[in-house]
$ cat final_9.cif   # mmCIF, C-alpha atoms
data_data
loop_
_atom_site.label_atom_id
_atom_site.label_comp_id
_atom_site.auth_asym_id
_atom_site.auth_seq_id
_atom_site.Cartn_x
_atom_site.Cartn_y
_atom_site.Cartn_z
CA MET H 2 86.88 84.26 70.06
CA ARG H 3 89.14 81.80 71.85
CA LEU H 4 88.71 78.46 73.59
CA ALA H 5 91.73 77.17 75.50
CA VAL H 6 92.00 73.47 76.35
CA GLY H 7 94.34 71.56 78.60
CA CYS H 8 95.05 68.76 81.04
CA ALA H 9 95.85 68.28 84.72
CA MET H 10 99.60 68.07 84.04
CA TRP H 11 102.08 68.58 81.21
CA SER H 12 103.97 65.32 81.58
CA HIS H 13 102.76 61.76 82.06
CA ARG H 14 104.64 58.50 81.62
CA SER H 15 102.07 57.10 79.21
CA TRP H 16 102.43 60.15 76.93
CA GLN H 17 106.10 59.49 76.16
CA GLY H 18 106.50 58.39 72.58
CA ARG H 19 102.85 59.19 71.86
CA PHE H 20 102.24 62.85 72.68
CA LEU H 21 105.74 63.76 73.83
CA ALA H 22 108.98 62.62 72.26
CA HIS H 23 110.90 59.94 74.12
CA PRO H 24 113.47 60.38 75.49
CA LEU H 25 112.85 64.04 76.28
CA PRO H 26 114.53 65.97 79.14
CA PRO H 27 112.12 67.11 81.87
CA ASN H 28 112.89 70.76 81.11
CA GLU H 29 111.63 70.31 77.52
CA ARG H 30 108.38 68.46 78.23
CA LEU H 31 106.26 71.55 78.84
CA ARG H 32 107.32 72.95 75.46
CA ALA H 33 106.19 69.73 73.76
CA TYR H 34 102.93 69.63 75.73
CA ALA H 35 102.23 73.27 74.83
CA SER H 36 102.15 72.28 71.17
CA TRP H 37 99.21 69.96 71.96
CA CYS H 38 97.29 72.11 74.44
CA ASP H 39 97.28 75.83 75.23
CA ALA H 40 96.44 75.57 78.94
CA VAL H 41 97.46 73.48 81.96
CA GLU H 42 96.42 73.08 85.57
CA GLY H 43 99.18 74.02 88.00
CA ASN H 44 98.52 71.29 90.55
CA THR H 45 102.17 71.03 91.64
CA THR H 46 102.05 74.45 93.29
CA PHE H 47 99.44 73.12 95.72
CA TYR H 48 102.13 71.08 97.47
CA ALA H 49 104.96 73.62 97.45
CA THR H 50 105.63 77.09 96.11
CA PRO H 51 108.15 76.81 93.27
CA THR H 52 111.17 79.05 92.94
CA ARG H 53 111.04 82.03 90.58
CA GLU H 54 113.81 80.34 88.58
CA THR H 55 111.67 77.25 88.06
CA VAL H 56 108.67 79.34 87.02
CA ALA H 57 110.87 81.28 84.60
CA THR H 58 111.70 78.01 82.84
CA TRP H 59 107.95 77.39 82.45
CA ALA H 60 107.54 80.79 80.87
CA ARG H 61 110.43 80.20 78.46
CA GLN H 62 108.81 76.98 77.21
CA THR H 63 105.42 78.55 76.42
CA GLY H 64 104.00 81.37 74.35
CA GLU H 65 102.61 84.51 75.93
CA ASP H 66 99.03 83.38 75.29
CA PHE H 67 99.48 80.02 77.05
CA ARG H 68 97.22 79.71 80.11
CA PHE H 69 98.42 78.48 83.51
CA LEU H 70 95.79 77.88 86.19
CA ALA H 71 98.10 78.48 89.15
CA LYS H 72 96.86 76.67 92.27
CA LEU H 73 97.32 78.29 95.66
CA PRO H 74 99.43 76.21 98.05
CA LYS H 75 97.56 74.06 100.56
CA ILE H 76 99.13 75.94 103.47
CA ILE H 77 96.89 78.84 102.45
CA THR H 78 93.67 77.05 101.54
CA HIS H 79 93.68 73.88 103.63
CA ASP H 80 96.16 74.13 106.49
CA ARG H 81 95.39 77.73 107.53
CA CYS H 82 92.00 78.03 105.82
CA LEU H 83 92.63 81.53 104.40
CA THR H 84 93.65 82.91 107.83
CA ASP H 85 97.05 84.43 108.70
CA VAL H 86 98.36 83.71 105.21
CA ASP H 87 99.91 87.03 104.14
CA GLU H 88 103.45 85.68 104.08
CA PRO H 89 102.86 82.47 102.07
CA LEU H 90 100.51 84.36 99.75
CA ARG H 91 103.15 87.02 99.01
CA GLY H 92 105.71 84.29 98.43
CA PHE H 93 103.46 82.46 96.00
CA LEU H 94 102.47 85.54 93.99
CA ASP H 95 106.11 86.60 93.80
CA ALA H 96 107.12 83.13 92.60
CA ILE H 97 104.62 83.06 89.71
CA GLU H 98 105.43 86.62 88.58
CA PRO H 99 107.71 85.38 85.74
CA LEU H 100 104.65 83.85 84.06
CA GLY H 101 103.33 87.31 83.26
CA THR H 102 100.16 87.05 81.20
CA ARG H 103 100.46 83.27 81.18
CA ALA H 104 99.11 83.26 84.75
CA HIS H 105 95.55 83.09 83.49
CA ALA H 106 94.04 82.78 86.98
CA VAL H 107 95.01 82.01 90.55
CA TRP H 108 93.09 78.87 91.50
CA ILE H 109 91.69 78.85 95.04
CA GLN H 110 90.60 75.25 95.66
CA LEU H 111 88.86 75.03 99.01
CA PRO H 112 88.51 71.87 101.13
CA GLY H 113 85.28 69.90 101.25
CA ALA H 114 84.60 71.12 104.78
CA PHE H 115 84.50 74.74 103.60
CA GLY H 116 80.75 75.43 103.63
CA PRO H 117 78.27 78.31 103.36
CA VAL H 118 79.00 79.49 106.92
CA ASP H 119 82.58 80.15 105.80
CA VAL H 120 81.70 82.46 102.90
CA PRO H 121 82.38 85.62 104.97
CA LEU H 122 85.91 84.31 105.51
CA LEU H 123 86.32 83.89 101.75
CA THR H 124 84.90 87.36 101.16
CA ARG H 125 87.49 88.92 103.45
CA PHE H 126 90.28 86.92 101.83
CA LEU H 127 89.25 87.92 98.31
CA SER H 128 88.95 91.58 99.29
CA ARG H 129 92.60 91.61 100.39
CA LEU H 130 94.03 90.01 97.26
CA PRO H 131 96.20 92.30 95.14
CA ASP H 132 95.12 93.54 91.75
CA GLY H 133 96.95 92.22 88.72
CA HIS H 134 95.61 88.66 88.80
CA ARG H 135 92.33 86.99 88.01
CA TYR H 136 91.04 84.70 90.75
CA ALA H 137 88.92 81.57 90.48
CA VAL H 138 87.43 79.52 93.31
CA GLU H 139 86.56 75.82 93.47
CA VAL H 140 84.29 74.58 96.27
CA ARG H 141 83.28 71.03 97.09
CA HIS H 142 80.82 71.33 99.96
CA PRO H 143 77.52 69.69 98.79
CA GLU H 144 75.36 72.52 100.14
CA PHE H 145 76.70 74.97 97.56
CA PHE H 146 75.19 72.73 94.89
CA ALA H 147 72.03 71.60 96.69
CA SER H 148 70.91 74.91 98.21
CA PRO H 149 70.03 77.85 95.93
CA ARG H 150 70.55 80.17 98.92
CA ALA H 151 74.07 78.86 99.54
CA ALA H 152 74.90 79.10 95.84
CA SER H 153 73.63 82.69 95.69
CA LEU H 154 75.65 83.59 98.77
CA LEU H 155 78.83 82.29 97.17
CA GLU H 156 78.06 83.83 93.79
CA ALA H 157 77.55 87.24 95.40
CA ALA H 158 80.94 87.03 97.12
CA LEU H 159 82.65 86.00 93.89
CA ARG H 160 80.94 88.64 91.75
CA THR H 161 81.95 91.37 94.18
CA ALA H 162 85.57 90.28 93.84
CA GLY H 163 85.35 89.68 90.08
CA ALA H 164 86.25 86.04 90.69
CA GLU H 165 85.06 82.95 88.82
CA TRP H 166 83.49 79.77 90.21
CA ILE H 167 85.27 76.70 88.80
CA PRO H 168 83.00 73.67 88.41
CA PHE H 169 84.56 70.21 88.56
CA ASP H 170 82.09 68.10 86.59
CA THR H 171 82.31 64.45 87.69
CA THR H 172 78.78 63.43 86.71
CA ALA H 173 79.88 61.38 83.69
CA PHE H 174 82.48 59.61 85.80
CA PHE H 175 80.01 58.62 88.52
CA ALA H 176 77.26 57.62 86.06
CA SER H 177 78.26 53.92 86.22
CA PRO H 178 80.49 51.76 88.44
CA PRO H 179 84.28 51.79 87.87
CA THR H 180 85.78 49.25 85.48
CA SER H 181 89.54 49.79 85.83
CA ASP H 182 92.08 50.19 88.61
CA ALA H 183 92.45 53.90 87.84
CA GLU H 184 88.69 54.38 87.94
CA ARG H 185 88.39 52.50 91.22
CA ASP H 186 91.10 54.68 92.73
CA ALA H 187 89.43 57.88 91.54
CA TRP H 188 86.02 56.64 92.73
CA SER H 189 86.97 57.18 96.35
CA LYS H 190 88.82 60.47 95.83
CA LYS H 191 86.86 62.66 93.41
CA PRO H 192 84.01 64.90 94.61
CA ARG H 193 80.42 63.91 93.82
CA VAL H 194 78.60 67.14 93.16
CA PRO H 195 76.03 68.14 90.52
CA SER H 196 77.21 69.74 87.32
CA ARG H 197 77.15 73.53 87.22
CA SER H 198 77.44 75.70 84.10
CA VAL H 199 76.92 79.32 85.19
CA ALA H 200 79.72 81.70 84.19
CA LEU H 201 80.32 84.69 86.47
CA THR H 202 83.05 86.36 84.38
CA ASP H 203 84.21 86.60 80.79
CA ARG H 204 86.84 83.89 81.45
CA PRO H 205 84.96 80.79 82.70
CA ILE H 206 87.03 77.74 83.64
CA VAL H 207 85.73 74.15 83.65
CA ARG H 208 87.32 70.95 84.94
CA TYR H 209 85.72 67.84 83.44
CA LEU H 210 86.35 64.22 84.49
CA GLY H 211 85.41 61.50 82.02
CA ARG H 212 86.09 57.77 82.00
CA ASP H 213 89.00 55.69 80.78
CA ASP H 214 86.74 54.66 77.89
CA THR H 215 87.06 57.36 75.23
CA GLU H 216 83.51 57.19 73.92
CA GLN H 217 82.05 57.47 77.42
CA THR H 218 84.21 60.52 77.99
CA VAL H 219 83.09 62.13 74.73
CA ALA H 220 79.43 61.34 75.39
CA GLY H 221 79.71 62.92 78.83
CA TRP H 222 81.12 66.20 77.55
CA ARG H 223 78.45 66.80 74.88
CA PRO H 224 76.43 69.13 77.14
CA TRP H 225 79.61 71.14 77.68
CA VAL H 226 80.00 71.62 73.94
CA ASP H 227 76.62 73.39 73.95
CA VAL H 228 77.60 75.48 76.98
CA VAL H 229 80.98 76.48 75.59
CA VAL H 230 79.54 77.37 72.20
CA GLY H 231 77.05 79.61 74.00
CA TRP H 232 79.82 81.25 76.04
CA LEU H 233 81.89 81.93 72.93
CA ARG H 234 78.91 83.48 71.16
CA GLU H 235 78.44 85.72 74.19
CA GLY H 236 82.02 86.96 73.82
CA ARG H 237 83.49 84.95 76.69
CA SER H 238 86.86 83.17 76.46
CA PRO H 239 86.56 79.83 78.30
CA THR H 240 89.19 77.31 79.34
CA MET H 241 88.31 73.61 79.43
CA PHE H 242 90.42 71.04 81.26
CA ILE H 243 89.87 67.40 80.30
CA HIS H 244 90.62 64.67 82.85
CA THR H 245 90.23 60.90 82.82
CA PRO H 246 91.11 58.57 85.70
CA ASP H 247 94.32 57.38 84.02
CA ASN H 248 94.86 60.55 81.89
CA ALA H 249 96.54 58.32 79.29
CA ASP H 250 94.86 60.04 76.33
CA ALA H 251 94.16 63.44 77.91
CA PRO H 252 96.06 65.68 75.42
CA GLY H 253 94.35 64.07 72.46
CA LEU H 254 90.97 64.26 74.17
CA ALA H 255 91.46 67.95 74.96
CA ARG H 256 92.12 68.64 71.29
CA ARG H 257 89.10 66.53 70.36
CA PHE H 258 86.90 68.67 72.61
CA HIS H 259 88.24 71.76 70.86
CA ASP H 260 87.45 70.13 67.50
CA ASP H 261 83.89 69.35 68.64
CA VAL H 262 83.34 72.99 69.54
CA ARG H 263 84.94 74.21 66.32
CA ALA H 264 82.64 71.93 64.31
CA ARG H 265 79.81 74.09 65.67
CA LEU H 266 81.75 77.36 65.34
CA PRO H 267 83.98 77.17 62.24
CA GLU H 268 85.16 80.74 62.86
CA LEU H 269 87.00 79.51 65.97
CA ASP H 270 90.72 79.26 65.19
CA ALA H 271 92.11 75.74 65.04
CA LEU H 272 94.80 74.67 67.47
CA PRO H 273 98.31 74.59 65.98
CA GLU H 274 99.77 71.32 64.79
CA PRO H 275 101.61 69.57 67.64
CA ILE H 276 105.30 68.78 67.65
CA PRO H 277 105.62 65.17 66.38
CA ALA H 278 106.35 62.68 69.14
CA GLN H 279 108.36 60.55 66.72
CA PRO H 280 111.08 61.78 64.33
CA LEU H 281 109.83 62.35 60.80
CA THR H 282 111.14 59.86 58.20
CA LEU H 283 111.29 59.81 54.43
CA PHE H 284 109.29 56.59 54.17
#
$ encode --input "final_9.cif" --output "structure tokens"
Amino acid sequence: MRLAVGCAMWSHRSWQGRFLAHPLPPNERLRAYASWCDAVEGNTTFYATPTRETVATWARQTGEDFRFLAKLPKIITHDRCLTDVDEPLRGFLDAIEPLGTRAHAVWIQLPGAFGPVDVPLLTRFLSRLPDGHRYAVEVRHPEFFASPRAASLLEAALRTAGAEWIPFDTTAFFASPPTSDAERDAWSKKPRVPSRSVALTDRPIVRYLGRDDTEQTVAGWRPWVDVVVGWLREGRSPTMFIHTPDNADAPGLARRFHDDVRARLPELDALPEPIPAQPLTLF
């Protein structure tokens, strides 16, 4: 029984001196973050495929059970829309090879224009992916959430490939108007789609966006505590990523979500104690 929790990144300016020691060299920040959370979203790979050497440094800073959600580069998903992508796909999969088991899933985030009529294209793409990785797909087209037929069509394609459907739950965020600059910025960028809590595999992945107000964020994730507890009791091993518009408290919130689930399931192992952000003193 394992629940992994994480954030959208492993380094953030507001975390320095609070969650991560300051000063701390960039090549040590993932190690410090990994003492707070045991998963992270690999958003940086969306913009460019990293070198194998860079990925090897990520592996050296994390334990073998750490979970990376490695995002496919946009040249594959957005620029070429899953067509004529053999070369960049091979390059990406080769680059993340040093992660080994840490590559929990390859994250296929599709553009908002990718709709039900495009599912056959996704089916062909998934059928050509090599074994050795788990794959998880995030869609944003409203019809997948509004139309049971469209949802079933996508689910069938994903089940055939053994792939997961990643929900990005923004319902708590959009429940009331923004009250901060970070919230106003996110208001125009984040997808507005209904919440979805159906797991297709034994490794469900959830992305949750709360508010900059901690209590609003916690209140919004309470339904997910019920869902995750149910998944764990079914023998699944979920990963939960906690976002807020400013992400200032994200590592602490991720651990708090884990604590909320563990309060319901005491047999769930606690997360390890994090590396102190400040040097220990005698007084």
$ resolve_selection --input "final_9.cif" --expression "the PyMOL selection byres ((chain H and resi 194) around 10)" --output "list in words"
Val140, Arg141, His142, Pro143, Glu144, Phe145, Phe146, Ala147, Pro168, Phe169, Asp170, Thr171, Thr172, Phe175, Lys191, Pro192, Arg193, Pro195, Ser196 and Arg197 of chain H
$ axis_aligned_box --input "final_9.cif" --around "segment 65-79 of chain H" --padding-each-side "3 Å" --output "JSON"
{"center_x": 98.1, "center_y": 79.2, "center_z": 89.5, "size_x": 14.9, "size_y": 16.6, "size_z": 34.3}
$ closest_residue --input "final_9.cif" --among "H:Val228, H:Val41, H:Leu123, H:Ala35" --to "Ala157 of chain H" --atoms "only C-alpha atoms"
H:Leu123
$ closest_residue --input "final_9.cif" --among "H:Trp188, H:Phe20, H:Trp222, H:Phe93" --to "Tyr48 of chain H" --atoms "all atoms listed in the file"
H:Phe93
$ atom_distance --input "final_9.cif" --atom1 "atom CA of Met10 of chain H" --atom2 "atom CA of Pro277 of chain H"
18.9 Å
$ resolve_selection --input "final_9.cif" --expression "the PyMOL selection byres ((chain H and resi 243-249) around 9)" --output "ChimeraX atom specification"
/H:6-9,13-16,174,181-188,207-215,218,241-242,250-252,254-255,258
